[in-house]
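Participant: What follows is query36.cif, mmCIF, N, CA and C atoms and all ligand atoms.
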```cif
data_target
loop_
_atom_site.label_atom_id
_atom_site.label_comp_id
_atom_site.auth_asym_id
_atom_site.auth_seq_id
_atom_site.Cartn_x
_atom_site.Cartn_y
_atom_site.Cartn_z
N MET X 1 -172.99 154.01 122.73
CA MET X 1 -174.01 154.97 123.14
C MET X 1 -174.72 154.47 124.39
N LYS X 2 -174.95 155.35 125.32
CA LYS X 2 -175.66 154.98 126.55
C LYS X 2 -177.13 154.74 126.25
N ARG X 3 -177.65 153.75 126.90
CA ARG X 3 -179.06 153.48 126.74
C ARG X 3 -179.85 154.32 127.73
N ARG X 4 -180.74 155.10 127.21
CA ARG X 4 -181.57 155.91 128.11
C ARG X 4 -182.91 155.24 128.29
N THR X 5 -183.53 155.53 129.41
CA THR X 5 -184.80 154.88 129.70
C THR X 5 -185.82 155.16 128.60
N ASN X 6 -185.79 156.35 128.07
CA ASN X 6 -186.75 156.68 127.04
C ASN X 6 -186.24 156.29 125.65
N SER X 7 -185.01 155.86 125.58
CA SER X 7 -184.40 155.32 124.37
C SER X 7 -184.67 156.14 123.12
N LEU X 8 -184.47 157.41 123.21
CA LEU X 8 -184.75 158.25 122.05
C LEU X 8 -183.51 158.35 121.17
N ARG X 9 -183.73 158.02 119.94
CA ARG X 9 -182.62 158.22 119.01
C ARG X 9 -182.61 159.69 118.60
N LYS X 10 -181.49 160.14 118.12
CA LYS X 10 -181.43 161.50 117.60
C LYS X 10 -181.83 161.47 116.13
N VAL X 11 -182.84 162.26 115.83
CA VAL X 11 -183.30 162.35 114.45
C VAL X 11 -183.18 163.80 114.03
N TYR X 12 -182.51 164.02 112.92
CA TYR X 12 -182.29 165.38 112.46
C TYR X 12 -183.21 165.72 111.30
N CYS X 13 -183.59 166.98 111.26
CA CYS X 13 -184.50 167.44 110.21
C CYS X 13 -183.84 167.29 108.84
N ASP X 14 -184.60 166.75 107.88
CA ASP X 14 -184.07 166.57 106.53
C ASP X 14 -183.98 167.90 105.78
N TYR X 15 -184.55 168.93 106.33
CA TYR X 15 -184.55 170.22 105.64
C TYR X 15 -183.52 171.18 106.20
N CYS X 16 -183.54 171.37 107.53
CA CYS X 16 -182.65 172.37 108.12
C CYS X 16 -181.53 171.76 108.95
N GLY X 17 -181.60 170.46 109.18
CA GLY X 17 -180.52 169.79 109.90
C GLY X 17 -180.58 169.90 111.41
N ARG X 18 -181.59 170.59 111.93
CA ARG X 18 -181.70 170.70 113.39
C ARG X 18 -182.21 169.40 113.97
N GLU X 19 -181.91 169.22 115.26
CA GLU X 19 -182.40 168.04 115.93
C GLU X 19 -183.91 168.17 116.14
N THR X 20 -184.62 167.08 115.88
CA THR X 20 -186.08 167.13 116.02
C THR X 20 -186.49 166.86 117.46
N GLU X 21 -187.72 167.18 117.75
CA GLU X 21 -188.31 166.84 119.05
C GLU X 21 -189.17 165.61 118.88
N TYR X 22 -189.14 164.77 119.90
CA TYR X 22 -189.96 163.56 119.92
C TYR X 22 -191.20 163.89 120.72
N VAL X 23 -192.30 164.11 120.03
CA VAL X 23 -193.51 164.61 120.69
C VAL X 23 -194.73 163.77 120.30
N ASP X 24 -195.80 164.00 121.01
CA ASP X 24 -197.04 163.33 120.65
C ASP X 24 -197.65 164.02 119.43
N SER X 25 -198.23 163.21 118.55
CA SER X 25 -198.78 163.77 117.31
C SER X 25 -199.96 164.70 117.55
N LYS X 26 -200.47 164.74 118.77
CA LYS X 26 -201.60 165.63 118.97
C LYS X 26 -201.21 167.11 118.84
N VAL X 27 -199.92 167.42 118.91
CA VAL X 27 -199.51 168.80 118.67
C VAL X 27 -199.79 169.21 117.22
N ILE X 28 -199.85 168.22 116.33
CA ILE X 28 -200.16 168.49 114.92
C ILE X 28 -201.64 168.28 114.63
N TYR X 29 -202.15 167.14 115.07
CA TYR X 29 -203.50 166.74 114.65
C TYR X 29 -204.59 167.14 115.65
N GLY X 30 -204.17 167.55 116.85
CA GLY X 30 -205.16 167.83 117.86
C GLY X 30 -205.69 166.56 118.52
N LYS X 31 -205.21 165.43 118.04
CA LYS X 31 -205.61 164.14 118.55
C LYS X 31 -204.40 163.23 118.45
N SER X 32 -204.25 162.34 119.39
CA SER X 32 -203.03 161.53 119.40
C SER X 32 -203.10 160.33 118.47
N TYR X 33 -202.14 160.28 117.54
CA TYR X 33 -201.99 159.09 116.71
C TYR X 33 -200.62 158.46 116.96
N GLY X 34 -200.10 158.67 118.16
CA GLY X 34 -198.76 158.15 118.45
C GLY X 34 -197.73 159.26 118.37
N LYS X 35 -196.48 158.83 118.51
CA LYS X 35 -195.40 159.80 118.56
C LYS X 35 -194.93 160.22 117.18
N ILE X 36 -194.36 161.40 117.12
CA ILE X 36 -193.73 161.87 115.88
C ILE X 36 -192.41 162.56 116.21
N TYR X 37 -191.55 162.63 115.22
CA TYR X 37 -190.39 163.50 115.30
C TYR X 37 -190.75 164.78 114.56
N LEU X 38 -190.60 165.89 115.27
CA LEU X 38 -191.07 167.16 114.73
C LEU X 38 -189.94 168.19 114.69
N CYS X 39 -189.80 168.87 113.56
CA CYS X 39 -188.94 170.04 113.48
C CYS X 39 -189.84 171.26 113.50
N ARG X 40 -189.78 172.02 114.57
CA ARG X 40 -190.66 173.19 114.67
C ARG X 40 -190.22 174.29 113.74
N ASN X 41 -188.97 174.25 113.35
CA ASN X 41 -188.44 175.25 112.43
C ASN X 41 -189.10 175.14 111.06
N CYS X 42 -189.28 173.92 110.58
CA CYS X 42 -189.83 173.68 109.23
C CYS X 42 -191.26 173.16 109.29
N MET X 43 -191.77 172.87 110.48
CA MET X 43 -193.04 172.17 110.63
C MET X 43 -193.04 170.89 109.78
N ALA X 44 -191.91 170.24 109.84
CA ALA X 44 -191.76 168.96 109.14
C ALA X 44 -191.80 167.87 110.21
N TYR X 45 -192.40 166.73 109.87
CA TYR X 45 -192.47 165.67 110.86
C TYR X 45 -192.59 164.31 110.20
N VAL X 46 -192.37 163.29 111.02
CA VAL X 46 -192.53 161.91 110.57
C VAL X 46 -193.02 161.07 111.74
N GLY X 47 -193.87 160.12 111.46
CA GLY X 47 -194.36 159.20 112.48
C GLY X 47 -193.35 158.10 112.74
N VAL X 48 -193.71 157.21 113.66
CA VAL X 48 -192.81 156.11 114.01
C VAL X 48 -193.52 154.77 113.79
N HIS X 49 -192.71 153.73 113.60
CA HIS X 49 -193.25 152.38 113.54
C HIS X 49 -193.90 152.06 114.87
N LYS X 50 -195.06 151.48 114.80
CA LYS X 50 -195.85 151.22 116.00
C LYS X 50 -195.04 150.49 117.07
N GLY X 51 -195.10 151.01 118.28
CA GLY X 51 -194.43 150.36 119.39
C GLY X 51 -192.93 150.59 119.44
N THR X 52 -192.41 151.41 118.55
CA THR X 52 -190.97 151.70 118.55
C THR X 52 -190.77 153.22 118.47
N ASP X 53 -189.50 153.63 118.53
CA ASP X 53 -189.20 155.03 118.28
C ASP X 53 -188.49 155.18 116.93
N LYS X 54 -188.70 154.19 116.06
CA LYS X 54 -188.05 154.19 114.75
C LYS X 54 -188.88 155.01 113.75
N PRO X 55 -188.30 156.03 113.16
CA PRO X 55 -189.06 156.85 112.21
C PRO X 55 -189.52 156.04 111.00
N LEU X 56 -190.69 156.38 110.47
CA LEU X 56 -191.25 155.66 109.32
C LEU X 56 -190.52 155.98 108.03
N GLY X 57 -189.86 157.08 107.99
CA GLY X 57 -189.16 157.47 106.77
C GLY X 57 -188.49 158.80 107.03
N ARG X 58 -188.42 159.62 106.00
CA ARG X 58 -187.82 160.93 106.22
C ARG X 58 -188.87 161.90 106.75
N LEU X 59 -188.43 162.99 107.31
CA LEU X 59 -189.38 164.02 107.72
C LEU X 59 -190.01 164.63 106.47
N ALA X 60 -191.25 165.03 106.60
CA ALA X 60 -191.93 165.64 105.47
C ALA X 60 -192.44 167.02 105.85
N ASN X 61 -192.17 167.99 105.00
CA ASN X 61 -192.79 169.30 105.19
C ASN X 61 -194.08 169.35 104.36
N ALA X 62 -194.72 170.50 104.35
CA ALA X 62 -196.03 170.58 103.69
C ALA X 62 -195.95 170.22 102.21
N GLU X 63 -194.89 170.66 101.55
CA GLU X 63 -194.77 170.38 100.12
C GLU X 63 -194.64 168.88 99.87
N LEU X 64 -193.75 168.25 100.64
CA LEU X 64 -193.56 166.80 100.45
C LEU X 64 -194.82 166.02 100.82
N ARG X 65 -195.51 166.48 101.87
CA ARG X 65 -196.75 165.79 102.26
C ARG X 65 -197.76 165.81 101.10
N ASN X 66 -197.82 166.93 100.41
CA ASN X 66 -198.74 167.01 99.27
C ASN X 66 -198.32 166.08 98.14
N TRP X 67 -197.03 166.01 97.87
CA TRP X 67 -196.57 165.11 96.82
C TRP X 67 -196.80 163.66 97.19
N LYS X 68 -196.63 163.34 98.47
CA LYS X 68 -196.86 161.96 98.88
C LYS X 68 -198.34 161.59 98.75
N LYS X 69 -199.20 162.56 99.09
CA LYS X 69 -200.63 162.32 98.92
C LYS X 69 -200.94 162.06 97.45
N ALA X 70 -200.34 162.87 96.59
CA ALA X 70 -200.56 162.72 95.14
C ALA X 70 -200.06 161.36 94.67
N ALA X 71 -198.92 160.93 95.20
CA ALA X 71 -198.37 159.63 94.80
C ALA X 71 -199.29 158.50 95.26
N HIS X 72 -199.78 158.60 96.49
CA HIS X 72 -200.71 157.58 96.99
C HIS X 72 -201.99 157.57 96.16
N ALA X 73 -202.41 158.72 95.71
CA ALA X 73 -203.66 158.81 94.95
C ALA X 73 -203.60 158.03 93.64
N VAL X 74 -202.41 157.89 93.07
CA VAL X 74 -202.31 157.07 91.86
C VAL X 74 -201.83 155.65 92.16
N PHE X 75 -201.02 155.51 93.19
CA PHE X 75 -200.45 154.20 93.49
C PHE X 75 -201.46 153.27 94.16
N ASP X 76 -202.23 153.80 95.09
CA ASP X 76 -203.15 152.95 95.85
C ASP X 76 -204.19 152.25 94.97
N PRO X 77 -204.85 152.99 94.08
CA PRO X 77 -205.80 152.29 93.19
C PRO X 77 -205.10 151.25 92.31
N LEU X 78 -203.85 151.54 91.93
CA LEU X 78 -203.11 150.59 91.08
C LEU X 78 -202.93 149.25 91.80
N TRP X 79 -202.48 149.30 93.05
CA TRP X 79 -202.25 147.99 93.70
C TRP X 79 -203.54 147.40 94.24
N LYS X 80 -204.50 148.25 94.60
CA LYS X 80 -205.75 147.70 95.16
C LYS X 80 -206.67 147.13 94.09
N TYR X 81 -206.82 147.89 93.02
CA TYR X 81 -207.82 147.50 92.02
C TYR X 81 -207.22 147.17 90.67
N GLY X 82 -205.96 147.51 90.49
CA GLY X 82 -205.33 147.30 89.19
C GLY X 82 -204.79 145.90 89.06
N ARG X 83 -203.77 145.78 88.24
CA ARG X 83 -203.32 144.44 87.92
C ARG X 83 -202.60 143.75 89.07
N PHE X 84 -202.31 144.48 90.15
CA PHE X 84 -201.65 143.81 91.28
C PHE X 84 -202.66 143.17 92.24
N ARG X 85 -203.90 143.44 92.01
CA ARG X 85 -204.99 142.74 92.69
C ARG X 85 -204.81 142.64 94.20
N GLY X 86 -204.49 143.76 94.80
CA GLY X 86 -204.40 143.77 96.26
C GLY X 86 -203.03 143.44 96.81
N HIS X 87 -202.07 143.15 95.96
CA HIS X 87 -200.73 142.81 96.43
C HIS X 87 -199.82 144.02 96.38
N ARG X 88 -199.79 144.73 97.50
CA ARG X 88 -199.03 145.97 97.52
C ARG X 88 -197.54 145.72 97.34
N ASN X 89 -197.03 144.65 97.92
CA ASN X 89 -195.60 144.38 97.79
C ASN X 89 -195.20 144.14 96.34
N ALA X 90 -196.06 143.46 95.62
CA ALA X 90 -195.80 143.21 94.20
C ALA X 90 -195.78 144.54 93.44
N ALA X 91 -196.68 145.42 93.81
CA ALA X 91 -196.73 146.72 93.15
C ALA X 91 -195.48 147.54 93.46
N TYR X 92 -195.02 147.46 94.71
CA TYR X 92 -193.79 148.18 95.06
C TYR X 92 -192.58 147.57 94.35
N ALA X 93 -192.57 146.26 94.20
CA ALA X 93 -191.46 145.61 93.50
C ALA X 93 -191.41 146.08 92.05
N TRP X 94 -192.58 146.18 91.45
CA TRP X 94 -192.67 146.67 90.08
C TRP X 94 -192.19 148.12 89.98
N LEU X 95 -192.65 148.94 90.93
CA LEU X 95 -192.28 150.35 90.93
C LEU X 95 -190.76 150.51 91.16
N ALA X 96 -190.22 149.68 92.04
CA ALA X 96 -188.78 149.73 92.32
C ALA X 96 -187.98 149.51 91.05
N GLN X 97 -188.42 148.52 90.28
CA GLN X 97 -187.72 148.20 89.05
C GLN X 97 -187.80 149.37 88.07
N LYS X 98 -189.00 149.92 87.94
CA LYS X 98 -189.20 151.05 87.02
C LYS X 98 -188.38 152.28 87.43
N MET X 99 -188.22 152.45 88.74
CA MET X 99 -187.52 153.64 89.22
C MET X 99 -186.03 153.40 89.39
N GLY X 100 -185.62 152.14 89.23
CA GLY X 100 -184.22 151.81 89.40
C GLY X 100 -183.76 151.95 90.84
N LEU X 101 -184.65 151.61 91.76
CA LEU X 101 -184.34 151.70 93.19
C LEU X 101 -184.37 150.31 93.81
N PRO X 102 -183.60 150.10 94.87
CA PRO X 102 -183.76 148.83 95.60
C PRO X 102 -185.16 148.77 96.23
N VAL X 103 -185.73 147.58 96.25
CA VAL X 103 -187.09 147.42 96.77
C VAL X 103 -187.25 147.99 98.17
N GLU X 104 -186.21 147.80 99.01
CA GLU X 104 -186.34 148.25 100.40
C GLU X 104 -186.33 149.78 100.51
N LYS X 105 -185.95 150.46 99.43
CA LYS X 105 -185.98 151.93 99.43
C LYS X 105 -187.21 152.45 98.70
N THR X 106 -188.00 151.53 98.17
CA THR X 106 -189.14 151.94 97.38
C THR X 106 -190.40 151.90 98.24
N HIS X 107 -190.64 153.02 98.84
CA HIS X 107 -191.85 153.18 99.64
C HIS X 107 -192.19 154.65 99.61
N ILE X 108 -193.44 154.97 99.37
CA ILE X 108 -193.81 156.38 99.22
C ILE X 108 -193.42 157.16 100.48
N GLY X 109 -193.50 156.51 101.63
CA GLY X 109 -193.10 157.15 102.88
C GLY X 109 -191.64 157.57 102.92
N MET X 110 -190.83 156.95 102.07
CA MET X 110 -189.40 157.27 102.06
C MET X 110 -189.02 158.20 100.92
N PHE X 111 -189.96 158.47 100.03
CA PHE X 111 -189.63 159.25 98.84
C PHE X 111 -189.43 160.73 99.16
N ASP X 112 -188.56 161.35 98.38
CA ASP X 112 -188.49 162.81 98.40
C ASP X 112 -189.39 163.34 97.28
N VAL X 113 -189.42 164.64 97.12
CA VAL X 113 -190.34 165.23 96.13
C VAL X 113 -190.05 164.71 94.73
N GLY X 114 -188.78 164.65 94.36
CA GLY X 114 -188.39 164.19 93.02
C GLY X 114 -188.83 162.76 92.77
N GLN X 115 -188.68 161.92 93.78
CA GLN X 115 -189.08 160.52 93.62
C GLN X 115 -190.59 160.38 93.54
N CYS X 116 -191.31 161.19 94.31
CA CYS X 116 -192.78 161.18 94.21
C CYS X 116 -193.21 161.54 92.79
N ARG X 117 -192.60 162.58 92.26
CA ARG X 117 -192.98 163.03 90.91
C ARG X 117 -192.68 161.95 89.88
N LYS X 118 -191.52 161.31 90.03
CA LYS X 118 -191.13 160.26 89.10
C LYS X 118 -192.11 159.09 89.19
N ALA X 119 -192.45 158.70 90.42
CA ALA X 119 -193.37 157.59 90.62
C ALA X 119 -194.72 157.90 89.98
N ILE X 120 -195.20 159.12 90.18
CA ILE X 120 -196.50 159.50 89.63
C ILE X 120 -196.47 159.41 88.10
N GLU X 121 -195.37 159.91 87.54
CA GLU X 121 -195.21 159.87 86.09
C GLU X 121 -195.25 158.43 85.57
N ILE X 122 -194.49 157.56 86.23
CA ILE X 122 -194.42 156.16 85.82
C ILE X 122 -195.80 155.50 85.93
N ILE X 123 -196.47 155.73 87.04
CA ILE X 123 -197.75 155.07 87.28
C ILE X 123 -198.81 155.60 86.31
N GLU X 124 -198.79 156.91 86.08
CA GLU X 124 -199.79 157.47 85.17
C GLU X 124 -199.60 156.94 83.75
N LYS X 125 -198.34 156.81 83.36
CA LYS X 125 -198.04 156.28 82.03
C LYS X 125 -198.53 154.84 81.93
N GLU X 126 -198.28 154.09 83.00
CA GLU X 126 -198.62 152.67 83.04
C GLU X 126 -200.13 152.45 83.02
N THR X 127 -200.85 153.32 83.70
CA THR X 127 -202.28 153.07 83.90
C THR X 127 -203.14 153.88 82.93
N LYS X 128 -202.48 154.56 82.00
CA LYS X 128 -203.23 155.34 81.03
C LYS X 128 -204.21 154.43 80.30
N GLY X 129 -205.45 154.80 80.29
CA GLY X 129 -206.44 153.99 79.60
C GLY X 129 -207.04 152.89 80.46
N ASP X 130 -206.44 152.63 81.62
CA ASP X 130 -207.05 151.66 82.52
C ASP X 130 -208.35 152.25 83.06
N ARG X 131 -209.27 151.38 83.36
CA ARG X 131 -210.58 151.90 83.77
C ARG X 131 -210.81 151.81 85.27
N TYR X 132 -209.94 151.04 85.96
CA TYR X 132 -210.23 150.79 87.37
C TYR X 132 -210.06 152.02 88.25
N GLY X 133 -209.13 152.89 87.85
CA GLY X 133 -208.68 153.92 88.78
C GLY X 133 -209.65 155.07 89.00
N ARG X 134 -210.65 155.14 88.20
CA ARG X 134 -211.49 156.33 88.20
C ARG X 134 -212.66 156.24 89.15
N TYR X 135 -212.91 155.08 89.67
CA TYR X 135 -214.04 154.86 90.56
C TYR X 135 -215.36 155.25 89.91
N GLN X 136 -215.37 155.18 88.61
CA GLN X 136 -216.60 155.59 87.92
C GLN X 136 -217.54 154.42 87.84
N LYS X 137 -218.77 154.71 88.08
CA LYS X 137 -219.77 153.66 87.91
C LYS X 137 -220.02 153.49 86.42
N ASP X 138 -220.22 152.27 86.07
CA ASP X 138 -220.58 152.02 84.69
C ASP X 138 -221.86 152.78 84.38
N PRO X 139 -221.84 153.60 83.34
CA PRO X 139 -223.01 154.44 83.07
C PRO X 139 -224.26 153.65 82.68
N ARG X 140 -224.06 152.38 82.26
CA ARG X 140 -225.25 151.63 81.87
C ARG X 140 -226.09 151.19 83.05
ZN ZN Q 1 -186.17 171.69 109.96
#
```
Once you've parsed the file, please lay out its structure as structure tokens.
Ligand SMILES: [Zn+2]

Facilitator:
Amino acid sequence: MKRRTNSLRKVYCDYCGRETEYVDSKVIYGKSYGKIYLCRNCMAYVGVHKGTDKPLGRLANAELRNWKKAAHAVFDPLWKYGRFRGHRNAAYAWLAQKMGLPVEKTHIGMFDVGQCRKAIEIIEKETKGDRYGRYQKDPR
């Protein structure tokens, strides 16, 4: 492959298969948070690793973005305040095992809707009865 000055890889939409556009995220957010790969057909997009043109994971449409938010909402308190005590990698290693996935594929940013749902189910089952996740002040 020829090296182009802008070194853009071809990234195809995970939903419709069309080639995405490499654009500034301000087209989505109104403010620039770096580059994204965008499919205008599906309004699906993904950010890039800082300083590179490497996508962070798969493109996400509105539905997947909501599921990822939901997954983060249960996963983040687990690794931050739960038994992983701030060790996110340890929490991902645990989740990988529970989901039967290789650790390097276990990242909410890489999950599809089905994997988000499965992760949420696993985490909710695991943390049932735990008190840390609720952010509730002790009533006393
Ligand atoms: Zn698309």

Participant: Please, what distance in Å, to one decimal, runs between CA of Lys105 (chain X) and CA of Asn89 (chain X)?

Facilitator: 12.3 Å

Participant: Let me see if you get this right: every residue at most 9 Å from ligand ZN 1 (chain Q), counting only C-alpha atoms and all ligand atoms, written as a list in words.

Facilitator: Tyr12, Cys13, Asp14, Tyr15, Cys16, Gly17, Arg18, Glu19, Thr20, Leu38, Cys39, Arg40, Asn41, Cys42, Met43, Ala44, Tyr45, Leu59 and Asn61 of chain X

Participant: May I ask for the distance between CA of Val103 (chain X) and CA of Gly47 (chain X), given in Å to one decimal place?

Facilitator: 20.9 Å

Participant: Counting all atoms listed in the file, figure out which residue out of X:Glu104, X:Ile123, X:Ser32, X:Asp24 gets nearest to Leu78 (chain X).

Facilitator: X:Ile123

Participant: What is the atom C of Val74 (chain X) to atom N of Glu124 (chain X) distance in Å?

Facilitator: 6.9 Å

Participant: So that I can check the secondary structure, give me every residue of chain X assigned alpha helix (DSSP H) by backbone DSSP, as a PyMOL selection string.

Facilitator: chain X and resi 26-29+62-81+88-99+113-127

Participant: Taking only C-alpha atoms into account, name the residue in X:Leu56, X:Ala119, X:Ile36, X:Ala62 that is nearest to Gln97 (chain X).

Facilitator: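 Of X:Leu56, X:Ala119, X:Ile36, X:Ala62, the one nearest Gln97 (chain X) is X:Ala119, counting only C-alpha atoms.
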
Participant: From a DSSP pass on the backbone, collect the residues of region 8-51 of chain X flagged as strand (DSSP E or B) and hand them back as an MDAnalysis selection string.

Facilitator: chainID X and resid 12 19 21:24 35:39 44:48

Participant: Considering all atoms listed in the file, can you say which of X:Tyr37, X:Gly51, X:Phe84, X:Asp76 comes closest to Ser25 (chain X)?

Facilitator: X:Tyr37

Participant: Find the residue from X:Tyr29, X:Trp79, X:Ile120, X:Gln115 that sits nearest to Ala91 (chain X); use all atoms listed in the file when measuring.

Facilitator: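 Closest candidate: X:Trp79.
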
Participant: May I have the centre and edge lengths, in Å to one decimal, of an axis-aligned box around the listed atoms of region 20-27 of chain X with 8 Å added to every side, as lines of an AutoDock Vina configuration file?

Facilitator:
```
center_x = -193.1
center_y = 166.2
center_z = 118.4
size_x = 33.0
size_y = 22.0
size_z = 21.1
```

Participant: Rank nothing, just name the residue among X:Ile108, X:Val113, X:Val23, X:Val46 nearest to Leu64 (chain X), using all atoms listed in the file.

Facilitator: X:Val113

Participant: Out of X:Ala90, X:Ala71, X:Gly57, X:Ile122, which residue has the shortest atom-to-atom distance to Gly109 (chain X) when counting only C-alpha atoms?

Facilitator: X:Gly57

Participant: Could you name the residues that touch Ala93 (chain X) at 10 Å or less, counting only C-alpha atoms, but leaving out those on the same chain fewer than 5 positions away, as a PyMOL selection string?

Facilitator: chain X and resi 88+98-99+101-104+106-107

Participant: Please complete region 61-69 of chain X with all heavy atoms and give it back as a short mmCIF file (atom, residue, chain, number, x, y, z; two decimals), in the coordinates of the input.

Facilitator:
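Okay, rebuild.cif is ready:
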```
data_model
loop_
_atom_site.label_atom_id
_atom_site.label_comp_id
_atom_site.auth_asym_id
_atom_site.auth_seq_id
_atom_site.Cartn_x
_atom_site.Cartn_y
_atom_site.Cartn_z
N ASN X 61 -192.17 167.99 105.00
CA ASN X 61 -192.79 169.30 105.19
C ASN X 61 -194.08 169.35 104.36
O ASN X 61 -194.47 168.36 103.74
CB ASN X 61 -191.81 170.43 104.84
CG ASN X 61 -191.42 170.43 103.38
OD1 ASN X 61 -192.00 169.71 102.57
ND2 ASN X 61 -190.45 171.23 103.03
N ALA X 62 -194.72 170.50 104.35
CA ALA X 62 -196.03 170.58 103.69
C ALA X 62 -195.95 170.22 102.21
O ALA X 62 -196.80 169.51 101.70
CB ALA X 62 -196.60 171.99 103.86
N GLU X 63 -194.89 170.66 101.55
CA GLU X 63 -194.77 170.38 100.12
C GLU X 63 -194.64 168.88 99.87
O GLU X 63 -195.34 168.31 99.03
CB GLU X 63 -193.55 171.11 99.55
CG GLU X 63 -193.50 171.02 98.03
CD GLU X 63 -192.12 171.30 97.45
OE1 GLU X 63 -191.16 171.45 98.22
OE2 GLU X 63 -192.04 171.35 96.21
N LEU X 64 -193.75 168.25 100.64
CA LEU X 64 -193.56 166.80 100.45
C LEU X 64 -194.82 166.02 100.82
O LEU X 64 -195.17 165.05 100.16
CB LEU X 64 -192.35 166.32 101.26
CG LEU X 64 -192.03 164.82 101.16
CD1 LEU X 64 -191.86 164.37 99.72
CD2 LEU X 64 -190.76 164.49 101.96
N ARG X 65 -195.51 166.48 101.87
CA ARG X 65 -196.75 165.79 102.26
C ARG X 65 -197.76 165.81 101.10
O ARG X 65 -198.43 164.82 100.84
CB ARG X 65 -197.35 166.42 103.51
CG ARG X 65 -196.60 166.03 104.78
CD ARG X 65 -197.41 166.33 106.02
NE ARG X 65 -197.57 167.76 106.27
CZ ARG X 65 -196.69 168.53 106.90
NH1 ARG X 65 -195.57 168.01 107.35
NH2 ARG X 65 -196.92 169.80 107.09
N ASN X 66 -197.82 166.93 100.41
CA ASN X 66 -198.74 167.01 99.27
C ASN X 66 -198.32 166.08 98.14
O ASN X 66 -199.17 165.43 97.52
CB ASN X 66 -198.84 168.46 98.76
CG ASN X 66 -199.70 169.30 99.68
OD1 ASN X 66 -200.59 168.78 100.35
ND2 ASN X 66 -199.43 170.59 99.72
N TRP X 67 -197.03 166.01 97.87
CA TRP X 67 -196.57 165.11 96.82
C TRP X 67 -196.80 163.66 97.19
O TRP X 67 -197.12 162.83 96.34
CB TRP X 67 -195.09 165.37 96.51
CG TRP X 67 -194.92 166.53 95.58
CD1 TRP X 67 -194.45 167.78 95.89
CD2 TRP X 67 -195.25 166.57 94.18
NE1 TRP X 67 -194.49 168.58 94.77
CE2 TRP X 67 -194.96 167.86 93.72
CE3 TRP X 67 -195.75 165.63 93.27
CZ2 TRP X 67 -195.15 168.25 92.38
CZ3 TRP X 67 -195.95 166.01 91.96
CH2 TRP X 67 -195.65 167.31 91.53
N LYS X 68 -196.63 163.34 98.47
CA LYS X 68 -196.86 161.96 98.88
C LYS X 68 -198.34 161.59 98.75
O LYS X 68 -198.67 160.49 98.34
CB LYS X 68 -196.37 161.75 100.32
CG LYS X 68 -194.85 161.68 100.36
CD LYS X 68 -194.35 160.91 101.55
CE LYS X 68 -194.24 161.77 102.76
NZ LYS X 68 -193.33 161.18 103.77
N LYS X 69 -199.20 162.56 99.09
CA LYS X 69 -200.63 162.32 98.92
C LYS X 69 -200.94 162.06 97.45
O LYS X 69 -201.70 161.15 97.11
CB LYS X 69 -201.41 163.56 99.37
CG LYS X 69 -202.11 163.36 100.70
CD LYS X 69 -202.93 164.60 101.04
CE LYS X 69 -202.55 165.12 102.41
NZ LYS X 69 -203.04 166.47 102.68
#
```
